[in-house]
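Data block below; observations after.
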Amino acid sequence: MVTTVTAYTDPRNRAAAGEGFDGVVRVVVGSNYGTGVLLYDGHAVLTAAHLFKGNAASATVLFETTAGNASLSSAGVSLIPSYDPVQDNNDLALVWLSIPATVTAQRYTLYRSSDELGQTMTMVGYGLPGTGATGQLSNYVGPPLRLKANNQFDADMGTLKNTLGAVMAWTPIAGTQLVADFDSGASNQDALGRLINQSGLGLGENEGLVAPGDSGGPAFINGQIAGIASYTASLALGSVHPDVDGAVNSSFGEIAAWQRVSAYQQWIDQSLRAHYPNAPTQAAAVQKTVIEGNSGTSYAYFLLQFTGVRSDPNQWLSVDYTTRDGTATAGQDYLSVAGKLVLYPNENQAVIPVEIMGDTTPEPNETFYLDVTNPVGGSFGVGVVTLTAMRTILNDDGGIFAG
Ligand SMILES: [Ca+2]
Ligand SMILES: [Ca+2]
Ligand SMILES: [Ca+2]
Ligand SMILES: [Ca+2]
């Protein structure tokens with residue numbers, strides 16, 4: 001993945017197991033492959049729709065974590081219904097894993113704010129390595145390597161289209177794709193500086209760009225998924241030729257586009273919600289105790305309900321949430337989660353799943369909490385700043401405990 005400034009053998013470019021990127025996976029579709037990223041529910045991988053060539057059949061997902069390598073088959077694939085392969089628009093897909101991912105694979109939340117432009121991001125993927133000076137190594141035959149690099153989101157693809165017009169043969173939907181250019185540090189290769197006057201000479205040896213095989217891979221801002229790699233382009237306008245070699249090979253002077261996750265959070269969230277098994281749909285059905293299980297993970301659910309009336313029916317409501325240890329310990333008994341829950345228009349409730357870790361060790365029953373804060377668009381009631389709910393994990397492995 002990822003063409004970089006220095007050679008791919010440089011440790012700065014590796015995203016080795018244990019460095020926080022173990023939820024970035026290889027997605028194999030027939031003889032084709034790309035990259036994907038494990039979402040906050042531990043069961044879904046977000047990737048690019050174009051890997052499936054419009055046919056959402058199946059995929060195999062390869063994990064590389066501190067526990068070694070593992071392969072999971074898909075239980076299904078969902079493409080965004082509006083995916084447009086001709087224009088490269090809405091290029092997102094979800095791969096549903098047949099079983100929960102290993103707990104050593106990080107789960108990631110979505111970057112939900114629309115302030116991505118100007119921010120530094122970290123791209124991670126399994127595509128072809130190479131350098132900015134000479135482009136991707138098309139004859140690379142080694143094992144797929146998980147590599148990383150940084151760049152800055154400089155513009156929206158719609159802005160390029162407005163400026164370049166017919167120079168671009170496709171029409172991105174404004175507000176849905178983020179673009180970065182591969183800077184060498186020289187103004188001659190500053191593609192967005194020269195093409196749309198969005199100058200910036202890059203991040204030195206940390207700069208990079210995606211290459212074939214990185215499609216579907218994440219770009220993280222502050223550890224949250226802000227973009228999904230979609231395509232690269234070598235653009236020229238009249239006598240302005242920023243690409244260092246004129247070939248489409250992820251070299252200095254090219255640009256890449258990421259599908260903008262903040263613009264698609266409703267489709268992602270609601271797709272996940274529709275896939276939770278046995279999720280409660282009313283307060284009376286919420287299970288406050290959950291059986292631990294013996295392997296893998298299973299869900300404990302929290303249900304958030306809004307009982308008011310929106311002043312604007314299109315308003316998004318949200319709360320922030322985070323788990324907190326009781327007698328149970330995050331990372332041993334359950335997987336901690338923290339994020340923002342959005343209730344979209346026409347939605348007055350949603351569940352927050354927390355993964356419970358199964359094992360066969362006799363333990364006492366244990367508890368943990370979910371704290372909910374910062375309501376936007378509604379309130380918790382006079383004087384209430386935090387709502388807390390507790391769940392109990394029931395031991396199912398025998399043992400005798402006093403208490
Ligand atoms: Ca750049
Ligand atoms: Ca630049
Ligand atoms: Ca090139
Ligand atoms: Ca057990």
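Ligands are numbered from 1 in the order shown, chains are lettered A, B, ... in the order of the structure tokens, and residues start at 1 in each chain.
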
Wanna dump the range 243-312 of chain A-range 186-199 of chain A contacts at 8 Å for me, each residue with its shortest atom pair and the distance in Å to one decimal, counting only C-alpha atoms, ordered by chain and number, as a Markdown table?
| residue | atom | partner | partner_atom | distance |
| --- | --- | --- | --- | --- |
| A:Asp243 | CA | A:Gln189 | CA | 6.2 |
| A:Val244 | CA | A:Gln189 | CA | 6.5 |
| A:Phe252 | CA | A:Gln189 | CA | 6.2 |
| A:Gly253 | CA | A:Gln189 | CA | 4.4 |
| A:Glu254 | CA | A:Ala191 | CA | 6.4 |
| A:Ile255 | CA | A:Ala191 | CA | 7.1 |

File of the preceding selection, C-alpha atoms, as a PDB file, in the first residue's frame:
ATOM      1  CA  ASP A 243       2.739  14.862 -12.018  1.00  0.00           C
ATOM      2  CA  VAL A 244       6.466  14.140 -11.794  1.00  0.00           C
ATOM      3  CA  PHE A 252       4.574  12.879  -6.656  1.00  0.00           C
ATOM      4  CA  GLY A 253       2.207  15.385  -8.223  1.00  0.00           C
ATOM      5  CA  GLU A 254      -0.849  13.111  -8.311  1.00  0.00           C
ATOM      6  CA  ILE A 255      -4.008  13.347  -6.265  1.00  0.00           C
TER       7      ILE A 255
END

ask   = Neighbours of Asn395 in chain A within 8 Å (only C-alpha atoms; same-chain residues fewer than 6 positions away dropped), as a PyMOL selection string?
value = chain A and resi 291-292+362-366

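With distances restricted to only C-alpha atoms and all ligand atoms, A:Phe153 is the closest residue to ligand 1 from A:Tyr264, A:Phe21, A:Phe153, A:Tyr344.
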
Residues of chain A that have any atom at most 9 Å from an atom of ligand 4: could you tabulate them with the shortest-distance atom pair and the distance in Å to one decimal, using only C-alpha atoms and all ligand atoms, ordered by chain and increasing number, as a tab-separated table?
residue	atom	partner	partner_atom_place_in_ligand_line	distance
A:Ile291	CA	ligand 4	1 (Ca)	7.8
A:Glu292	CA	ligand 4	1 (Ca)	5.1
A:Gly293	CA	ligand 4	1 (Ca)	4.3
A:Asn294	CA	ligand 4	1 (Ca)	3.9
A:Ser295	CA	ligand 4	1 (Ca)	7.2
A:Met357	CA	ligand 4	1 (Ca)	8.5
A:Gly358	CA	ligand 4	1 (Ca)	5.3
A:Asp359	CA	ligand 4	1 (Ca)	4.3
A:Thr360	CA	ligand 4	1 (Ca)	4.2
A:Thr361	CA	ligand 4	1 (Ca)	6.3
A:Pro362	CA	ligand 4	1 (Ca)	7.2
A:Glu363	CA	ligand 4	1 (Ca)	8.5
A:Leu394	CA	ligand 4	1 (Ca)	8.5
A:Asn395	CA	ligand 4	1 (Ca)	6.1
A:Asp396	CA	ligand 4	1 (Ca)	4.8
A:Asp397	CA	ligand 4	1 (Ca)	5.0
A:Gly398	CA	ligand 4	1 (Ca)	8.7

Mind writing the picked residues with C-alpha atoms as a CSV table (one decimal), in the first residue's frame?
chain,number,residue,atom,x,y,z
A,291,ILE,CA,-24.6,-14.5,29.6
A,292,GLU,CA,-20.8,-14.3,29.1
A,293,GLY,CA,-20.3,-17.1,26.5
A,294,ASN,CA,-17.2,-19.2,26.1
A,295,SER,CA,-15.4,-17.7,23.1
A,357,MET,CA,-15.8,-11.3,25.8
A,358,GLY,CA,-16.5,-15.0,26.2
A,359,ASP,CA,-14.1,-17.3,28.0
A,360,THR,CA,-14.2,-20.5,30.1
A,361,THR,CA,-12.7,-19.2,33.3
A,362,PRO,CA,-15.0,-19.4,36.3
A,363,GLU,CA,-15.5,-15.8,37.6
A,394,LEU,CA,-23.4,-13.6,34.1
A,395,ASN,CA,-20.7,-16.2,34.7
A,396,ASP,CA,-21.5,-19.4,32.9
A,397,ASP,CA,-18.5,-21.4,33.8
A,398,GLY,CA,-19.3,-22.8,37.3

task = Just the residues within 12 Å of range 270-274 of chain A, please, counting only C-alpha atoms, with nothing from its chain fewer than 4 positions along; format it as a PyMOL selection string.
result = chain A and resi 38-46+77-81+93-97+264-266+278-281+301+303+341-347+349-353

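Residues in contact range of range 320-323 of chain A, defined as at most 6 Å between only C-alpha atoms, with sequence neighbours fewer than 4 positions away removed, read Ser336, Val337, Ala338, Gly339, Lys340, Tyr369, Leu370, Asp371, Val372, Thr373 and Asn374 of chain A.
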
task = Output as a PyMOL selection string all residues of range 213-371 of chain A that backbone DSSP marks as strand (DSSP E or B).
result = chain A and resi 218-221+224-233+237+240+255-260+289-291+297-305+317-325+330+334+338-343+349-357+366-371

With C-alpha atoms retained, write the just-selected residues as a short mmCIF file (atom, residue, chain, number, x, y, z; two decimals), in the first residue's frame.
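Final output, saved to selection.cif:
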data_model
loop_
_atom_site.label_atom_id
_atom_site.label_comp_id
_atom_site.auth_asym_id
_atom_site.auth_seq_id
_atom_site.Cartn_x
_atom_site.Cartn_y
_atom_site.Cartn_z
CA PRO A 218 -9.17 4.17 5.83
CA ALA A 219 -7.80 7.66 6.30
CA PHE A 220 -7.89 8.42 10.01
CA ILE A 221 -8.19 11.79 11.70
CA GLN A 224 -11.41 7.96 13.66
CA ILE A 225 -12.33 6.94 10.11
CA ALA A 226 -12.65 10.13 8.05
CA GLY A 227 -12.15 8.78 4.53
CA ILE A 228 -12.25 5.59 2.49
CA ALA A 229 -9.73 5.43 -0.36
CA SER A 230 -11.49 5.47 -3.70
CA TYR A 231 -9.24 6.45 -6.65
CA THR A 232 -6.16 8.35 -7.79
CA ALA A 233 -5.68 10.69 -10.72
CA LEU A 237 -4.47 21.75 -16.96
CA VAL A 240 0.36 22.88 -15.79
CA ILE A 255 -4.01 13.35 -6.27
CA ALA A 256 -6.23 10.81 -4.55
CA ALA A 257 -9.86 10.92 -3.48
CA TRP A 258 -11.39 9.43 -0.36
CA GLN A 259 -15.11 8.97 0.12
CA ARG A 260 -16.05 11.35 2.90
CA THR A 289 -27.97 -9.26 32.30
CA VAL A 290 -26.08 -11.04 29.57
CA ILE A 291 -24.57 -14.51 29.57
CA THR A 297 -17.79 -11.86 21.61
CA SER A 298 -21.51 -11.33 21.86
CA TYR A 299 -23.51 -8.15 22.35
CA ALA A 300 -24.94 -6.47 25.37
CA TYR A 301 -27.28 -3.73 24.19
CA PHE A 302 -28.17 -0.35 25.56
CA LEU A 303 -31.26 1.33 24.15
CA LEU A 304 -31.45 5.08 23.77
CA GLN A 305 -34.89 6.58 23.26
CA LEU A 317 -30.23 14.39 17.65
CA SER A 318 -27.12 13.05 19.32
CA VAL A 319 -25.52 12.01 22.57
CA ASP A 320 -21.99 10.99 23.48
CA TYR A 321 -21.44 7.69 25.24
CA THR A 322 -18.64 5.79 26.90
CA THR A 323 -18.36 2.55 28.80
CA ARG A 324 -16.94 2.47 32.33
CA ASP A 325 -15.71 -0.42 34.45
CA ALA A 330 -12.52 -3.39 29.83
CA TYR A 334 -15.89 -6.54 27.57
CA ALA A 338 -16.91 5.53 23.25
CA GLY A 339 -18.54 7.57 20.55
CA LYS A 340 -21.47 9.63 19.39
CA LEU A 341 -24.89 8.15 18.77
CA VAL A 342 -26.96 10.03 16.21
CA LEU A 343 -30.72 9.72 15.89
CA GLN A 349 -34.43 5.25 19.27
CA ALA A 350 -31.30 3.26 18.58
CA VAL A 351 -29.21 0.67 20.34
CA ILE A 352 -25.59 0.92 21.41
CA PRO A 353 -23.95 -2.51 21.31
CA VAL A 354 -21.08 -3.46 23.59
CA GLU A 355 -19.13 -6.64 22.92
CA ILE A 356 -18.87 -9.08 25.82
CA MET A 357 -15.80 -11.30 25.75
CA GLU A 366 -19.42 -8.72 36.85
CA THR A 367 -20.82 -5.32 36.01
CA PHE A 368 -20.01 -2.38 33.78
CA TYR A 369 -21.68 0.90 32.91
CA LEU A 370 -22.56 3.08 29.98
CA ASP A 371 -22.46 6.81 30.63
#

inquiry  = What's around Thr3 in chain A at 6 Å? Count only C-alpha atoms, leave out sequence neighbours fewer than 4 positions away in its own chain, and write the answer as a list in words.
reply    = Pro129, Gly130, Thr131, Gly208 and Leu209 of chain A

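Rounded to one decimal, CA of Ser311 in chain A and CA of Ala285 in chain A lie 29.0 Å from each other.
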
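Proximity to ligand 1 was assessed for A:Ala283, A:Leu203, A:Leu160, A:Ile99 counting only C-alpha atoms and all ligand atoms; the smallest distance is recorded for A:Leu203.
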
Compile a residue-level contact table for chain A against ligand 3 at a cut-off of 9 Å, reporting for every qualifying residue the shortest atom pair and its distance in Å to one decimal, with only C-alpha atoms and all ligand atoms counted, rows ordered by chain and ascending number, as a tab-separated table.
residue	atom	partner	partner_atom_place_in_ligand_line	distance
A:Gly132	CA	ligand 3	1 (Ca)	8.3
A:Ala133	CA	ligand 3	1 (Ca)	8.7
A:Thr134	CA	ligand 3	1 (Ca)	7.9
A:Gly135	CA	ligand 3	1 (Ca)	6.3
A:Gln136	CA	ligand 3	1 (Ca)	8.9
A:Ala233	CA	ligand 3	1 (Ca)	8.5
A:Ser234	CA	ligand 3	1 (Ca)	6.2
A:Pro242	CA	ligand 3	1 (Ca)	8.8
A:Asp243	CA	ligand 3	1 (Ca)	5.1
A:Val244	CA	ligand 3	1 (Ca)	5.8
A:Asp245	CA	ligand 3	1 (Ca)	4.8
A:Gly246	CA	ligand 3	1 (Ca)	4.9
A:Ala247	CA	ligand 3	1 (Ca)	4.1
A:Val248	CA	ligand 3	1 (Ca)	4.5
A:Asn249	CA	ligand 3	1 (Ca)	4.7
A:Ser250	CA	ligand 3	1 (Ca)	5.6
A:Ser251	CA	ligand 3	1 (Ca)	4.3
A:Phe252	CA	ligand 3	1 (Ca)	6.4
A:Gly253	CA	ligand 3	1 (Ca)	6.7
A:Glu254	CA	ligand 3	1 (Ca)	6.0

Write to file, as a PDB file, in the first residue's frame, the residues of the selection just made, with N, CA and C atoms.
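Dumped to out_31.pdb:
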ATOM      1  N   GLY A 132       7.310   8.140  -4.071  1.00  0.00           N
ATOM      2  CA  GLY A 132       6.789   9.271  -4.816  1.00  0.00           C
ATOM      3  C   GLY A 132       7.623   9.591  -6.034  1.00  0.00           C
ATOM      4  N   ALA A 133       8.930   9.372  -5.945  1.00  0.00           N
ATOM      5  CA  ALA A 133       9.817   9.746  -7.050  1.00  0.00           C
ATOM      6  C   ALA A 133       9.626   8.856  -8.266  1.00  0.00           C
ATOM      7  N   THR A 134       9.375   7.554  -8.030  1.00  0.00           N
ATOM      8  CA  THR A 134       9.287   6.629  -9.166  1.00  0.00           C
ATOM      9  C   THR A 134       7.937   5.927  -9.260  1.00  0.00           C
ATOM     10  N   GLY A 135       7.024   6.176  -8.316  1.00  0.00           N
ATOM     11  CA  GLY A 135       5.684   5.603  -8.399  1.00  0.00           C
ATOM     12  C   GLY A 135       5.604   4.195  -7.856  1.00  0.00           C
ATOM     13  N   GLN A 136       4.408   3.611  -7.982  1.00  0.00           N
ATOM     14  CA  GLN A 136       4.167   2.277  -7.423  1.00  0.00           C
ATOM     15  C   GLN A 136       5.051   1.228  -8.088  1.00  0.00           C
ATOM     16  N   ALA A 233      -5.630  10.072  -9.395  1.00  0.00           N
ATOM     17  CA  ALA A 233      -5.675  10.691 -10.716  1.00  0.00           C
ATOM     18  C   ALA A 233      -4.412  11.523 -10.924  1.00  0.00           C
ATOM     19  N   SER A 234      -3.990  11.565 -12.170  1.00  0.00           N
ATOM     20  CA  SER A 234      -2.900  12.439 -12.598  1.00  0.00           C
ATOM     21  C   SER A 234      -3.542  13.532 -13.446  1.00  0.00           C
ATOM     22  N   PRO A 242       1.621  18.888 -12.920  1.00  0.00           N
ATOM     23  CA  PRO A 242       2.306  18.643 -11.640  1.00  0.00           C
ATOM     24  C   PRO A 242       2.867  17.236 -11.489  1.00  0.00           C
ATOM     25  N   ASP A 243       2.276  16.244 -12.176  1.00  0.00           N
ATOM     26  CA  ASP A 243       2.739  14.862 -12.018  1.00  0.00           C
ATOM     27  C   ASP A 243       4.203  14.759 -12.444  1.00  0.00           C
ATOM     28  N   VAL A 244       5.021  14.169 -11.575  1.00  0.00           N
ATOM     29  CA  VAL A 244       6.466  14.140 -11.794  1.00  0.00           C
ATOM     30  C   VAL A 244       6.839  13.316 -13.027  1.00  0.00           C
ATOM     31  N   ASP A 245       5.989  12.358 -13.408  1.00  0.00           N
ATOM     32  CA  ASP A 245       6.342  11.512 -14.553  1.00  0.00           C
ATOM     33  C   ASP A 245       5.229  11.355 -15.582  1.00  0.00           C
ATOM     34  N   GLY A 246       4.095  11.960 -15.355  1.00  0.00           N
ATOM     35  CA  GLY A 246       3.025  11.931 -16.360  1.00  0.00           C
ATOM     36  C   GLY A 246       2.249  10.625 -16.442  1.00  0.00           C
ATOM     37  N   ALA A 247       2.663   9.617 -15.685  1.00  0.00           N
ATOM     38  CA  ALA A 247       1.948   8.333 -15.697  1.00  0.00           C
ATOM     39  C   ALA A 247       1.100   8.199 -14.437  1.00  0.00           C
ATOM     40  N   VAL A 248      -0.036   7.518 -14.532  1.00  0.00           N
ATOM     41  CA  VAL A 248      -0.883   7.306 -13.349  1.00  0.00           C
ATOM     42  C   VAL A 248      -0.281   6.163 -12.540  1.00  0.00           C
ATOM     43  N   ASN A 249       0.514   6.496 -11.553  1.00  0.00           N
ATOM     44  CA  ASN A 249       1.249   5.482 -10.791  1.00  0.00           C
ATOM     45  C   ASN A 249       1.470   5.909  -9.343  1.00  0.00           C
ATOM     46  N   SER A 250       0.622   6.774  -8.838  1.00  0.00           N
ATOM     47  CA  SER A 250       0.703   7.222  -7.438  1.00  0.00           C
ATOM     48  C   SER A 250       2.052   7.867  -7.115  1.00  0.00           C
ATOM     49  N   SER A 251       2.543   8.650  -8.040  1.00  0.00           N
ATOM     50  CA  SER A 251       3.819   9.358  -7.829  1.00  0.00           C
ATOM     51  C   SER A 251       3.565  10.768  -7.302  1.00  0.00           C
ATOM     52  N   PHE A 252       4.649  11.447  -7.004  1.00  0.00           N
ATOM     53  CA  PHE A 252       4.574  12.879  -6.656  1.00  0.00           C
ATOM     54  C   PHE A 252       3.785  13.635  -7.730  1.00  0.00           C
ATOM     55  N   GLY A 253       2.947  14.547  -7.290  1.00  0.00           N
ATOM     56  CA  GLY A 253       2.207  15.385  -8.223  1.00  0.00           C
ATOM     57  C   GLY A 253       0.839  14.841  -8.592  1.00  0.00           C
ATOM     58  N   GLU A 254       0.488  13.641  -8.060  1.00  0.00           N
ATOM     59  CA  GLU A 254      -0.849  13.111  -8.311  1.00  0.00           C
ATOM     60  C   GLU A 254      -1.764  13.426  -7.124  1.00  0.00           C
TER      61      GLU A 254
END

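Among the candidate residues A:Asp84, A:Glu19, A:Glu205, A:Asp333, the one lying nearest to ligand 1 is A:Glu205, with distances computed using only C-alpha atoms and all ligand atoms.
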
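Checking A:Gln152, A:Thr163, A:Gln177, A:Thr171 one by one against ligand 2, counting only C-alpha atoms and all ligand atoms, you find the shortest gap at A:Gln152.
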
For chain A versus ligand 1, which residues have an atom no more than 7 Å away, and what is each residue's nearest atom pair and distance in Å rounded to one decimal, using only C-alpha atoms and all ligand atoms, chain-then-number order, as a tab-separated table?
residue	atom	partner	partner_atom_place_in_ligand_line	distance
A:Asn151	CA	ligand 1	1 (Ca)	5.2
A:Gln152	CA	ligand 1	1 (Ca)	5.4
A:Ala180	CA	ligand 1	1 (Ca)	5.3
A:Asp181	CA	ligand 1	1 (Ca)	4.1
A:Phe182	CA	ligand 1	1 (Ca)	4.7
A:Asp183	CA	ligand 1	1 (Ca)	4.7
A:Gly200	CA	ligand 1	1 (Ca)	6.6
A:Leu201	CA	ligand 1	1 (Ca)	6.4
A:Gly202	CA	ligand 1	1 (Ca)	4.5
A:Glu207	CA	ligand 1	1 (Ca)	6.8

key: Distance criterion (only C-alpha atoms and all ligand atoms): nearest to ligand 2 out of A:Ala174, A:Val25, A:Val382, A:Ala155   = A:Ala155

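The coordinates place CA of Gly238 in chain A at 15.8 Å from CA of Asn162 in chain A.
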
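Among the candidates A:Gly76, A:Gly118, A:Gly30, A:Pro100, the residue lying nearest to ligand 2 is A:Gly118 (atoms considered: only C-alpha atoms and all ligand atoms).
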
request  = Using DSSP on the backbone, list every residue of range 104-233 of chain A that comes out as alpha helix (DSSP H), and give them as an MDAnalysis selection string.
outcome  = chainID A and resid 157:164 191:196

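Residues in contact with Val86 in chain A at 10 Å, where only C-alpha atoms are counted and same-chain residues fewer than 2 positions away are skipped, are listed as Tyr83, Asp84, Asp88, Asn89, Ala169, Trp170 and Thr171 of chain A.
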
Can you spit out the residues from that selection as a CSV table (one decimal), in the first residue's frame, using C-alpha atoms?
chain,number,residue,atom,x,y,z
A,83,TYR,CA,-23.2,3.6,-5.9
A,84,ASP,CA,-22.3,5.0,-9.3
A,88,ASP,CA,-16.9,7.0,-8.9
A,89,ASN,CA,-19.6,8.4,-6.6
A,169,ALA,CA,-13.9,13.2,-17.2
A,170,TRP,CA,-16.1,12.5,-14.2
A,171,THR,CA,-18.4,14.5,-11.9

task = Provide the CA of Val5 in chain A to CA of Met168 in chain A distance in Å, to one decimal place.
result = 26.6 Å
